[in-house]
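*Asks:* Structure incoming, see below.
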Amino acid sequence: MYEHILKPLKIRKKIVRNRLVAAPEVPFALSDDHPRMTEAFMEHFIRKAEGGFGMVMMSGLCFAPSRKSGDGASFDIWEYENTKRLAEFIDRMHSKGSLVLFEDIPGLMFEYNDYSVMGEKGFGMGPFPEDFIKDKIPVTKEILEEIAEKYAVVAKRLLKLGADGMILMTGPAGIDFLSPISNKRSDEFGGSLENRTRFLRMVLSKIRETVKDDMIIYLRTSVSLDEDDFGIDDEIEMCRSLEGLIDIAEVSLRNPHQTKPWEINELIGMPNDHMPELRTHQVVKQIKAAEIPMHISTIGALQDPEIIEDILAKDEADIVAMARGAIADPDLPKKLYENRAKDIIPCIRCYRCVDTPLRDRCTVNPTMGRAHYLEKPVLLSEEKRLKVAIIGGGPAGIEAAIIASKRGHKVTLYEKEEHLGGRLMYADVMPFKHSTKKFKQYLLDHLYEADTDIRLNTNVTRDLLLKEKFDKVIIAIGADCKDLNVKGSEKAIQAADIYEKGLEVIGDVVIIGGGTTGCETAVYLGELGHKVTILTRGEKLCRNTHVEYMRSILYPLQQLSNVEVVYFAQIKEIRDDEVIYEKEGQELSVKADTAILSVGFRERCDEALDLWLDGIETQIIGDCREAKDLLAAIGSGYDAAMNL
């Protein structure tokens with residue numbers, strides 16, 4: 001059915017079994033403190049090989065002798081203990097049928113941390129980018145020649161270890177000479193495109209001379225939509241000049257240049273649902289049409305097999321790479337081989353997998369980062385199957401029902417409303433939540449396919465549970481919206497009720513609360529044309545949100561001229577047509593035809609305990625245990641079902 005996706009590809013001496021690539025990532029939280037590869041780290045990538053990806057890529061190697069050994073920032077390929085584990089890792093990947101390629105830790109000058117292309121101050125894009133600001137020294141030709149030689153030595157090491165390929169990255173996170181905005185050098189490495197690509201050719205020539213036809217060289221490139229930056233025509237000309245040196249050019253879009261440490265720019269390089277679908281691929285199509293003498297790989301939130309098949313069938317790319325999509329479902333290619341595309345777990349583009357310092361997690365894949373110690377939900381023997389009640393048809397309850405049914409338990413799912421999905425109902429309303437809507441439908445489809453007794457419009461009581469004589473009970477009744485203890489609060493509506501109950505919003509809107517829900521609601525209503533004012537008591541918006549997801553919300557928010565934010569606002573009273581607040585000792589007001597509360601959620605712990613039956617093992621999961629997020633809900637549902 002997916003003949004173009006599953007078609008093999010010969011590259012030099014290597015055969016790639018299909019056109020799907022698990023793009024580079026590095027789950028450092030699964031390594032040890034040196035860092036070195038652990039069994040958990042290896043298993044993370046082996047799962048993708050078992051899942052059928054043609055090529056699996058790993059980032060995080062330090063291609064220069066480490067000056068930061070043991071800081072958890074990269075794997076030092078010059079250390080024997082690391083190379084020994086790399087050899088084992090490569091063998092295990094090959095045993096599963098995948099080619100394995102390695103990428104330098106993003107940031108070519110990372111280990112040469114006193115240097116940069118221009119010698120200007122540099123800063124990071126993390127939650128505290130000012131911490132990365134430091135003076136730099138312009139990198140010299142001698143240093144560049146030294147780096148090029150080291151790349152060749154690394155290539156030789158990887159070849160001996162059995163690696164199938166080596167990945168280089170250009171742009172802000174890699175070989176950072178290409179952009180005329182950042183590269184103002186007046187020597188042979190600056191000015192013309194030929195000069196700005198000179199160092200890249202130096203490195204690639206050294207590598208190709210070393211590996212000959214025995215390894216794939218994969219170049220990750222990015223182009224800018226800024227006409228004054230490195231653009232599509234530059235990319236085409238550069239790739240033509242690299243004929244014979246590289247085998248695959250992956251093309252993505254680069255984020256706009258930052259001009260100050262904390263700047264909310266559009267995350268073009270890692271697409272989210274606020275962006276047009278296939279935005280990156282529209283650029284790749286143009287480059288592929290230029291008939292560049294190498295294979296072209298496209299990337300950019302691509303996971304839907306119908307879209308991927310269409311891209312390949314139209315010869316708009318030769319290979320499709322995915323990072324987050326492969327994390328959400330490492331078995332994606334295997335499911336295509338087995339004609340089970342409907343079983344692919346949709347990525348919701350939430351960026352949680354980017355959050356790797358302490359733990360590696362995926363909102364929609366509760367086994368991510370834990371596969372090395374979790375059991376698989378296999379069918380239990382008859383004597384181990386139980387009669388299970390699950391109370392609550394939100395994401396936690398649905399996930400628990402799906403997994404419990406998959407294991408063979410007889411499950412009854414109770415929901416007090418006339419619909420399933422809980423708080424995921426917002427995805428049906430917000431147009432920029434289409435990936436979450438797709439995941440919600442995935443949950444519902446698999447629930448309906450499971451052997452589960454679903455009872456809607458049912459208020460569960462202890463008497464009902466006793467009458468049905470369940471062996472185990474899982475309580476997932478969610479959380480209540482918090483109220484605001486101020487005069488007139490009853491005149492406001494809850495943000496959640498706009499989506500779950502269809503409450504009408506009219507005229508000028510005031511949203512009380514600057515968290516994730518408040519800001520997303522502001523974007524939604526602002527795009528509908530309402531004048532929106534956010535009143536927040538703090539100094540920042542989306543304070544407890546993952547930094548990348550926060551940026552994905554705040555960028556469209558700041559583009560809306562009809563949305564205003566008032567910081568350090570203490571709410572005093574909500575009236576029929578205005579909200580009174582205090583700021584810096586002054587009492588102020590803002591017009592409010594509709595006042596909306598978005599001040600968090602309160603767990604329904606007491607209500608859950610009221611349903612607890614003595615002598616029957618009961619689990620309380622999801623928001624009714626601790627009001628958090630979708631990641632916690634799905635994870636707790638999965639764990640509860642596996643604990644039965």
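Chains: A, B, ... in order of the structure tokens. Residues: from 1 per chain. Ligands: from 1, in order shown.
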Would you return as a count of residues only the members of range 361-494 of chain A that DSSP assigns to helix (DSSP H, G or I) on this structure's backbone?
*Replies:* 51
*Asks:* List the neighbours of Cys350 in chain A out to 12 Å using only C-alpha atoms; skip same-chain residues closer than 5 positions along the sequence, and give me the result as an MDAnalysis selection string.
*Replies:* chainID A and resid 270:274 301 324:325 328 355 361:364 432:436 439 545:553 629:631
*Asks:* Which one is closest to Leu443 in chain A: A:Ala592, A:Leu144, A:Leu161, A:Ile634? Count only C-alpha atoms.
*Replies:* A:Ile634
*Asks:* Determine which residues of range 266-322 of chain A receive a DSSP assignment of strand (DSSP E), computed from the backbone, and state them as a list in words.
*Replies:* His295, Ile296, Ser297, Thr298, Ile319, Val320, Ala321 and Met322 of chain A
*Asks:* Taking N, CA and C atoms for each residue, export the selection above as a PDB file, in the first residue's frame.
*Replies:*
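This went into out.pdb:
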ATOM      1  N   HIS A 295      20.818  12.729  -3.158  1.00  0.00           N
ATOM      2  CA  HIS A 295      19.491  12.457  -2.625  1.00  0.00           C
ATOM      3  C   HIS A 295      19.060  13.616  -1.726  1.00  0.00           C
ATOM      4  N   ILE A 296      17.777  13.933  -1.773  1.00  0.00           N
ATOM      5  CA  ILE A 296      17.222  15.030  -0.980  1.00  0.00           C
ATOM      6  C   ILE A 296      16.290  14.452   0.078  1.00  0.00           C
ATOM      7  N   SER A 297      16.527  14.871   1.312  1.00  0.00           N
ATOM      8  CA  SER A 297      15.696  14.436   2.436  1.00  0.00           C
ATOM      9  C   SER A 297      14.874  15.616   2.930  1.00  0.00           C
ATOM     10  N   THR A 298      13.600  15.367   3.189  1.00  0.00           N
ATOM     11  CA  THR A 298      12.728  16.412   3.729  1.00  0.00           C
ATOM     12  C   THR A 298      12.399  16.094   5.182  1.00  0.00           C
ATOM     13  N   ILE A 319      13.862  10.897   0.543  1.00  0.00           N
ATOM     14  CA  ILE A 319      13.868  10.354   1.895  1.00  0.00           C
ATOM     15  C   ILE A 319      13.053  11.295   2.770  1.00  0.00           C
ATOM     16  N   VAL A 320      12.372  10.752   3.774  1.00  0.00           N
ATOM     17  CA  VAL A 320      11.635  11.573   4.727  1.00  0.00           C
ATOM     18  C   VAL A 320      12.168  11.292   6.130  1.00  0.00           C
ATOM     19  N   ALA A 321      12.620  12.338   6.800  1.00  0.00           N
ATOM     20  CA  ALA A 321      13.171  12.208   8.151  1.00  0.00           C
ATOM     21  C   ALA A 321      12.164  12.734   9.163  1.00  0.00           C
ATOM     22  N   MET A 322      12.124  12.107  10.308  1.00  0.00           N
ATOM     23  CA  MET A 322      11.261  12.579  11.392  1.00  0.00           C
ATOM     24  C   MET A 322      11.972  12.341  12.712  1.00  0.00           C
TER      25      MET A 322
END
*Asks:* Pick out the closest residue to Glu266 in chain A from this set: A:Leu557, A:Val56, A:Ala496, A:Ala476. Count only C-alpha atoms.
*Replies:*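 So, comparing all the options, the nearest one is A:Leu557.
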*Asks:* For Lys410 in chain A, work out the shell of residues within 9 Å, counting only C-alpha atoms and skipping chain neighbours fewer than 3 positions away, then give it as a count of residues only.
*Replies:* 10
*Asks:* For Lys48 in chain A, please output as a compact mmCIF listing (two decimals) with C-alpha atoms, in the first residue's frame all residues within 7 Å (counting only C-alpha atoms; exclusion window: fewer than 4 positions along the same chain).
*Replies:*
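Now in selection_6.txt:
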# COMPACT_ATOMS: atom_id res chain seq x y z
CA GLY A 52 11.62 -0.69 11.02
CA PHE A 53 13.25 2.67 10.28
CA VAL A 56 18.40 5.64 12.66
CA PRO A 330 9.02 4.10 17.04
CA ASP A 331 7.04 1.28 15.38
*Asks:* Choose the residue, out of A:Cys62, A:Val505, A:Ile137, A:Met42, that has the smallest atom-to-atom separation from Arg85 in chain A; count only C-alpha atoms.
*Replies:*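 For Arg85 in chain A, the nearest of the given residues is A:Met42.
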*Asks:* Pick out the residues sitting within 7 Å of range 145-152 of chain A, and hand them over as JSON, numbers by chain; count only C-alpha atoms, and ignore anything fewer than 5 positions along from it in its own chain.
*Replies:* {"A": [63, 64, 202, 203, 206, 207, 210]}
*Asks:* Using only C-alpha atoms, which of A:Ile390, A:Val486, A:Cys481, A:Ala641 sits nearest Val579 in chain A?
*Replies:*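 Of A:Ile390, A:Val486, A:Cys481, A:Ala641, the one nearest Val579 in chain A, counting only C-alpha atoms, is A:Val486.
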*Asks:* Report, in Å to a single decimal, how far apart CA of Ile11 in chain A and CA of Leu219 in chain A are.
*Replies:*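 Answer for the CA of Leu219 in chain A to CA of Ile11 in chain A separation: 14.1 Å.
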*Asks:* Any idea what the distance is between CA of Ser222 in chain A and CA of Arg240 in chain A?
*Replies:*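 Taking CA of Ser222 in chain A as the start and CA of Arg240 in chain A as the end point, the length is 15.4 Å.
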